[in-house]
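Source file: coords_7.txt. Holds: compact mmCIF, C-alpha atoms and all ligand atoms.
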# COMPACT_ATOMS: atom_id res chain seq x y z
CA MET C 333 -18.88 -0.24 5.41
CA ARG C 334 -16.02 -1.90 3.61
CA ARG C 335 -12.68 -1.46 5.32
CA VAL C 336 -9.77 -1.46 2.91
CA VAL C 337 -5.98 -1.27 3.16
CA LEU C 338 -4.39 0.24 0.06
CA LYS C 339 -0.69 -0.43 -0.51
CA LEU C 340 1.03 2.30 -2.49
CA SER C 341 4.66 1.87 -3.35
CA GLY C 342 6.91 4.87 -2.86
CA GLU C 343 7.71 4.93 -6.54
CA ALA C 344 4.03 5.56 -7.25
CA LEU C 345 4.59 9.04 -5.77
CA ALA C 346 7.40 9.81 -8.19
CA SER C 347 7.20 10.14 -11.97
CA SER C 348 9.44 10.37 -15.00
CA ALA C 349 8.05 13.89 -15.57
CA SER C 350 9.77 15.21 -12.44
CA ASP C 351 13.32 15.14 -11.07
CA GLU C 352 11.97 15.25 -7.53
CA THR C 353 11.63 12.12 -5.38
CA ILE C 354 8.01 13.09 -4.87
CA ASP C 355 6.04 14.53 -7.79
CA ALA C 356 3.41 16.88 -6.35
CA SER C 357 1.08 16.44 -9.31
CA VAL C 358 1.07 12.63 -8.95
CA VAL C 359 0.47 12.90 -5.20
CA ASP C 360 -2.38 15.31 -5.92
CA PHE C 361 -3.89 12.88 -8.43
CA LEU C 362 -3.78 10.03 -5.90
CA ALA C 363 -5.15 12.24 -3.11
CA THR C 364 -8.03 13.38 -5.34
CA GLU C 365 -9.03 9.78 -6.00
CA LEU C 366 -8.70 8.73 -2.35
CA ALA C 367 -10.64 11.72 -0.99
CA TYR C 368 -13.35 11.25 -3.62
CA SER C 369 -13.72 7.55 -2.83
CA VAL C 370 -14.13 8.11 0.91
CA GLU C 371 -16.52 11.01 0.26
CA ALA C 372 -18.61 8.77 -2.00
CA GLY C 373 -19.31 6.65 1.08
CA GLY C 374 -19.31 3.01 2.07
CA LEU C 375 -15.55 2.94 2.53
CA GLU C 376 -13.08 3.12 5.42
CA LEU C 377 -9.62 3.67 4.01
CA ALA C 378 -6.19 2.95 5.42
CA VAL C 379 -3.07 3.39 3.31
CA VAL C 380 0.32 1.75 3.72
CA VAL C 381 2.89 3.73 1.81
CA GLY C 382 6.31 2.40 0.77
CA GLY C 383 9.58 4.27 0.52
CA GLY C 384 11.29 2.90 -2.57
CA ASN C 385 11.46 6.34 -4.23
CA ILE C 386 13.74 7.43 -1.38
CA TRP C 387 15.57 4.37 -0.08
CA ARG C 388 15.33 0.60 0.01
CA GLY C 389 17.07 -1.35 2.76
CA ALA C 390 18.37 -3.92 0.31
CA THR C 391 20.23 -1.23 -1.67
CA GLY C 392 22.37 -0.26 1.31
CA ALA C 393 22.85 -3.86 2.40
CA MET C 394 24.22 -4.72 -1.06
CA ALA C 395 26.70 -1.85 -0.76
CA GLY C 396 27.95 -3.24 2.58
CA MET C 397 25.77 -1.37 5.08
CA ASN C 398 24.37 -3.05 8.13
CA ARG C 399 20.97 -4.33 7.00
CA ALA C 400 19.05 -3.16 10.06
CA ASN C 401 20.46 0.37 9.74
CA SER C 402 19.69 0.46 6.06
CA ASP C 403 16.12 -0.73 6.70
CA LEU C 404 15.66 2.05 9.27
CA MET C 405 16.53 4.52 6.53
CA GLY C 406 13.89 2.88 4.33
CA MET C 407 11.29 3.13 7.07
CA LEU C 408 12.06 6.83 7.57
CA GLY C 409 11.55 7.28 3.83
CA THR C 410 8.02 5.94 4.15
CA VAL C 411 7.30 8.63 6.76
CA ILE C 412 8.33 11.37 4.32
CA ASN C 413 5.98 9.92 1.72
CA ALA C 414 3.18 9.59 4.27
CA LEU C 415 3.44 13.27 5.19
CA ALA C 416 3.27 14.29 1.52
CA LEU C 417 0.19 12.17 0.97
CA GLN C 418 -1.47 13.37 4.18
CA ASP C 419 -0.98 16.98 3.15
CA ALA C 420 -2.52 16.37 -0.27
CA ILE C 421 -5.49 14.38 1.09
CA GLU C 422 -6.26 17.14 3.59
CA ASN C 423 -6.01 19.73 0.80
CA HIS C 424 -8.93 17.85 -0.72
CA GLY C 425 -10.94 18.33 2.45
CA ARG C 426 -10.61 14.84 3.88
CA PRO C 427 -9.19 14.53 7.42
CA CYS C 428 -6.18 12.23 7.47
CA ARG C 429 -3.92 10.87 10.22
CA VAL C 430 -0.42 9.47 9.88
CA MET C 431 0.34 6.69 12.37
CA SER C 432 3.96 5.65 12.64
CA ALA C 433 5.30 2.29 13.77
CA ILE C 434 8.43 4.11 14.99
CA ALA C 435 7.83 6.66 17.76
CA MET C 436 8.24 10.22 16.51
CA ASN C 437 5.69 12.22 18.43
CA GLN C 438 6.39 15.57 16.81
CA VAL C 439 5.78 14.09 13.38
CA ALA C 440 3.04 11.48 13.59
CA GLU C 441 0.80 9.65 16.02
CA PRO C 442 2.07 6.35 17.36
CA TYR C 443 0.37 3.32 15.85
CA ILE C 444 -2.30 2.07 18.25
CA ARG C 445 -4.77 -0.39 16.76
CA ARG C 446 -7.89 0.82 18.60
CA ARG C 447 -7.08 4.39 17.74
CA ALA C 448 -6.57 3.56 14.06
CA VAL C 449 -9.96 1.87 13.97
CA ARG C 450 -11.57 4.88 15.66
CA HIS C 451 -10.10 7.23 13.04
CA LEU C 452 -11.49 5.02 10.29
CA GLU C 453 -14.93 4.92 11.89
CA LYS C 454 -14.90 8.71 11.95
CA GLY C 455 -14.24 8.87 8.22
CA ARG C 456 -10.58 9.83 8.47
CA VAL C 457 -8.06 8.34 6.10
CA VAL C 458 -5.28 6.64 8.09
CA ILE C 459 -1.78 6.34 6.66
CA PHE C 460 0.42 3.71 8.26
CA ALA C 461 4.02 4.90 8.10
CA ALA C 462 7.36 3.26 8.97
CA GLY C 463 6.09 -0.16 7.93
CA MET C 464 5.95 -2.43 10.95
CA GLY C 465 8.93 -0.79 12.58
CA ASN C 466 11.03 -3.92 12.10
CA PRO C 467 13.92 -4.37 9.69
CA TYR C 468 14.09 -7.23 7.16
CA PHE C 469 10.63 -6.50 5.78
CA THR C 470 9.27 -4.45 2.92
CA THR C 471 6.01 -2.53 3.23
CA ASP C 472 4.07 -5.33 1.49
CA THR C 473 4.09 -7.35 4.69
CA PRO C 474 2.89 -4.54 7.00
CA ALA C 475 0.13 -3.83 4.44
CA ALA C 476 -1.12 -7.39 4.94
CA GLN C 477 -0.39 -7.47 8.68
CA ARG C 478 -2.11 -4.15 9.46
CA ALA C 479 -5.06 -5.22 7.31
CA ALA C 480 -5.48 -8.34 9.42
CA GLU C 481 -5.01 -6.38 12.63
CA ILE C 482 -7.69 -3.77 11.85
CA GLU C 483 -9.94 -6.47 10.35
CA ALA C 484 -9.96 -5.01 6.85
CA ASP C 485 -11.94 -6.82 4.17
CA ILE C 486 -9.23 -6.69 1.52
CA VAL C 487 -5.74 -5.50 0.65
CA LEU C 488 -5.57 -3.46 -2.55
CA LYS C 489 -2.14 -3.34 -4.14
CA GLY C 490 -1.85 -0.56 -6.67
CA THR C 491 0.94 -1.00 -9.20
CA HIS C 492 2.34 1.80 -11.30
CA GLY C 493 4.29 0.04 -14.06
CA GLY C 494 1.38 0.03 -16.52
CA VAL C 495 0.46 -3.63 -15.89
CA ASP C 496 -3.12 -4.09 -14.77
CA GLY C 497 -3.11 -7.18 -12.59
CA VAL C 498 -1.36 -10.53 -12.55
CA TYR C 499 -0.23 -12.13 -15.81
CA SER C 500 1.19 -15.54 -16.70
CA ALA C 501 4.40 -13.73 -17.74
CA ASP C 502 5.54 -10.10 -18.01
CA PRO C 503 3.17 -8.66 -20.66
CA ARG C 504 5.70 -5.92 -21.46
CA LYS C 505 8.17 -8.59 -22.62
CA ASP C 506 6.02 -11.55 -23.62
CA PRO C 507 3.11 -10.91 -26.06
CA THR C 508 1.60 -14.33 -25.26
CA ALA C 509 1.19 -13.42 -21.57
CA THR C 510 -2.40 -13.76 -20.36
CA LYS C 511 -4.08 -11.93 -17.50
CA TYR C 512 -5.70 -13.76 -14.61
CA SER C 513 -8.93 -12.21 -13.35
CA GLU C 514 -8.84 -14.46 -10.29
CA LEU C 515 -6.22 -16.72 -8.71
CA SER C 516 -5.68 -18.66 -5.51
CA PHE C 517 -2.75 -17.99 -3.19
CA ASP C 518 -1.57 -21.54 -3.85
CA GLU C 519 -1.40 -20.80 -7.60
CA VAL C 520 0.56 -17.60 -6.94
CA LEU C 521 3.03 -19.56 -4.81
CA ALA C 522 3.25 -22.59 -7.14
CA LYS C 523 3.76 -20.45 -10.26
CA ASP C 524 6.11 -18.09 -8.40
CA LEU C 525 4.13 -15.07 -9.65
CA ARG C 526 5.61 -11.83 -8.36
CA VAL C 527 2.43 -10.26 -7.03
CA MET C 528 3.76 -9.10 -3.69
CA ASP C 529 6.61 -10.18 -1.44
CA LEU C 530 6.45 -13.85 -0.57
CA THR C 531 6.14 -13.09 3.15
CA ALA C 532 3.08 -10.93 2.45
CA ILE C 533 1.49 -13.55 0.17
CA THR C 534 1.98 -16.27 2.77
CA PHE C 535 0.54 -13.99 5.44
CA CYS C 536 -2.57 -13.23 3.34
CA LYS C 537 -3.04 -16.93 2.63
CA ASP C 538 -2.69 -17.97 6.28
CA ASN C 539 -5.08 -15.26 7.40
CA ASN C 540 -7.61 -15.66 4.60
CA LEU C 541 -7.17 -12.07 3.49
CA PRO C 542 -8.08 -11.36 -0.15
CA LEU C 543 -5.77 -9.26 -2.26
CA ARG C 544 -6.55 -7.27 -5.39
CA VAL C 545 -3.71 -6.19 -7.67
CA PHE C 546 -4.48 -3.43 -10.16
CA ASP C 547 -2.96 -0.58 -12.15
CA LEU C 548 -3.06 2.53 -10.01
CA MET C 549 -2.45 5.04 -12.76
CA ALA C 550 -4.95 3.91 -15.43
CA PRO C 551 -7.70 6.55 -15.52
CA GLY C 552 -10.58 5.67 -13.19
CA ASN C 553 -8.97 2.44 -11.97
CA LEU C 554 -8.18 3.51 -8.42
CA ARG C 555 -11.73 4.79 -7.88
CA ARG C 556 -13.14 1.58 -9.26
CA ALA C 557 -10.89 -0.60 -7.10
CA LEU C 558 -11.83 1.42 -4.00
CA ALA C 559 -15.52 1.12 -4.94
CA GLY C 560 -15.10 -2.67 -4.86
CA GLU C 561 -15.22 -3.22 -8.62
CA ALA C 562 -13.41 -6.11 -10.26
CA VAL C 563 -10.39 -4.35 -11.75
CA GLY C 564 -7.04 -6.11 -12.15
CA THR C 565 -6.69 -9.51 -10.48
CA LEU C 566 -8.23 -10.88 -7.31
CA VAL C 567 -6.13 -13.33 -5.30
CA LYS C 568 -7.98 -15.26 -2.60
N1 LIG M 1 11.10 -1.38 5.73
C1 LIG M 1 11.42 -2.14 6.83
N2 LIG M 1 10.41 -2.67 7.59
C2 LIG M 1 9.09 -2.52 7.28
C3 LIG M 1 8.77 -1.76 6.12
C4 LIG M 1 9.79 -1.21 5.38
O1 LIG M 1 12.58 -2.31 7.15
O2 LIG M 1 8.22 -3.03 8.00
C5 LIG M 1 12.16 -0.70 4.96
C6 LIG M 1 12.87 -1.62 3.96
O3 LIG M 1 14.23 -1.27 3.94
C7 LIG M 1 12.21 -1.23 2.64
C8 LIG M 1 12.02 0.26 2.82
O4 LIG M 1 11.63 0.37 4.20
O5 LIG M 1 13.03 -1.49 1.54
C9 LIG M 1 11.01 0.92 1.93
O6 LIG M 1 9.85 0.13 1.79
P1 LIG M 1 9.53 -0.68 0.44
O7 LIG M 1 10.75 -1.26 -0.15
O8 LIG M 1 8.41 -1.63 0.74
O9 LIG M 1 8.97 0.48 -0.49
P2 LIG M 1 8.18 0.36 -1.88
O10 LIG M 1 8.92 -0.63 -2.74
O11 LIG M 1 6.81 -0.11 -1.57
O12 LIG M 1 8.20 1.76 -2.39

Could you spell out this file's structure in structure tokens?
Amino acid sequence: MRRVVLKLSGEALASSASDETIDASVVDFLATELAYSVEAGGLELAVVVGGGNIWRGATGAMAGMNRANSDLMGMLGTVINALALQDAIENHGRPCRVMSAIAMNQVAEPYIRRRAVRHLEKGRVVIFAAGMGNPYFTTDTPAAQRAAEIEADIVLKGTHGGVDGVYSADPRKDPTATKYSELSFDEVLAKDLRVMDLTAITFCKDNNLPLRVFDLMAPGNLRRALAGEAVGTLVK
């Protein structure tokens, strides 16, 4: 069994086709792919979902809010996204549990490592909500930290901006940009490549946790990434 943590940004649940903060058809697409991949076997799947479609702590802080309060709002946003995704995954017949880093017993289970692992062993998808429960982080870092904690084999970071992996420059602006199929963490740090938050990159490096960055929305890509195929860029 491969154990995988998939990081989905909140914006991946929205789309330009909908005015809503969560586009049900996009969530359904993602849930279809996730349920299929677990059904196909060989995979234990945990998801860390972001909240950027609803609120980012930095936005409030820039407008003069207390940073910790603003980050709490961001963390609550991730719970809303987690519930939407859970609902869609279960509609596809795959049991799914939301585990929150902030206690809210009527809404989600509390995060308990042993319990999360047990859910995974039973074939349930686990969604980690509310990040790590601490302000001053984005959900990239809890994706890496939870992956280490549950002894996942890899962190998969799905992007939704139409860029499949890590490039030498932004391929949407620079036609000479080239794609890396594999990179080391040191290269990512030295070249200041914006793969994930710096804290998350450093964490992955220190804990020897490989990271694959790939385009979530390209047809078939998510399935292939979950099946362990070499899509996008591998950082290790
Ligand atoms: N957040 C936090 N601690 C965490 C995870 C998230 O304070 O451990 C807050 C932070 O304000 C962040 C927001 O939740 O901006 C939403 O998460 P993120 O920005 O990672 O969402 P994404 O960009 O992935 O949609």

Revision key, fill the gap. Judged by all atoms listed in the file, the minimum distance to ligand LIG 1 (chain M) among C:Ala462, C:Met436, C:Ala420, C:Met397 is found for C:Ala462

Review point. Residues at most 12 Å from Gly374 in chain C, counting only C-alpha atoms, excluding those fewer than 4 positions away in the same chain, as a ChimeraX atom specification?
Key: /C:333-336,368-370,452-453,455,558-560

**Study point:** For ligand LIG 1 (chain M), the nearest of the candidates C:Gly396, C:Pro427, C:Gly497, C:Gly383, counting only C-alpha atoms and all ligand atoms
**Key:**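 Nearest candidate to ligand LIG 1 (chain M) out of C:Gly396, C:Pro427, C:Gly497, C:Gly383: C:Gly383.
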
Check your understanding: Rounded to one decimal in Å, what is the spacing between CA of Val381 in chain C and atom P1 of ligand LIG 1 (chain M)?
Key -> 8.1 Å

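Residues in contact with Glu441 in chain C at 7 Å, where all atoms listed in the file are counted and same-chain residues fewer than 4 positions away are skipped, are listed as C:Val430, C:Met431, C:Ser432, C:Asn437.
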
Residues from the last selection, C-alpha atoms, saved as a PDB file, in the frame of the given file:
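Output below, filename out26.pdb:
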ATOM      1  CA  VAL C 430      -0.420   9.470   9.880  1.00  0.00           C
ATOM      2  CA  MET C 431       0.340   6.690  12.370  1.00  0.00           C
ATOM      3  CA  SER C 432       3.960   5.650  12.640  1.00  0.00           C
ATOM      4  CA  ASN C 437       5.690  12.220  18.430  1.00  0.00           C
TER       5      ASN C 437
END

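From CA of Ala557 in chain C back to atom C9 of ligand LIG 1 (chain M), the distance works out to 23.7 Å.
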
Review point. Excluding same-chain residues fewer than 3 positions from range 350-367 of chain C, what lies within 7 Å of it counting all atoms listed in the file, as a list in words?
Key: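 Here the answer would be Leu345, Ala346, Ser347, Val370, Glu371, Asn385, Ile386, Leu417, Ala420, Ile421, His424, Arg426, Leu554 and Arg555 of chain C.
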
C-alpha atoms of the current selection, written as a tab-separated table (two decimals), keeping the file's coordinate frame:
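So the final result, stored in selection13.tsv, reads:
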chain	number	residue	atom	x	y	z
C	345	LEU	CA	4.59	9.04	-5.77
C	346	ALA	CA	7.40	9.81	-8.19
C	347	SER	CA	7.20	10.14	-11.97
C	370	VAL	CA	-14.13	8.11	0.91
C	371	GLU	CA	-16.52	11.01	0.26
C	385	ASN	CA	11.46	6.34	-4.23
C	386	ILE	CA	13.74	7.43	-1.38
C	417	LEU	CA	0.19	12.17	0.97
C	420	ALA	CA	-2.52	16.37	-0.27
C	421	ILE	CA	-5.49	14.38	1.09
C	424	HIS	CA	-8.93	17.85	-0.72
C	426	ARG	CA	-10.61	14.84	3.88
C	554	LEU	CA	-8.18	3.51	-8.42
C	555	ARG	CA	-11.73	4.79	-7.88

Practice item. Name the residues, by chain letter and number, that sit within 7 Å of ligand LIG 1 (chain M) using only C-alpha atoms and all ligand atoms, and give them as a PyMOL selection string. Key: chain C and resi 340-343+381-385+387-390+402-407+409-410+462-474

Exercise for review: Mind giving me the straight-line distance from CA of Lys339 in chain C to CA of Glu376 in chain C in Å, one decimal?
Suggested key: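 According to the coordinates, CA of Lys339 in chain C and CA of Glu376 in chain C are separated by 14.2 Å.
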
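When all atoms listed in the file are used to measure the gap to Leu548 in chain C, the shortest distance among C:Ala562, C:Ala349, C:Val337, C:Ala344 belongs to C:Ala344.
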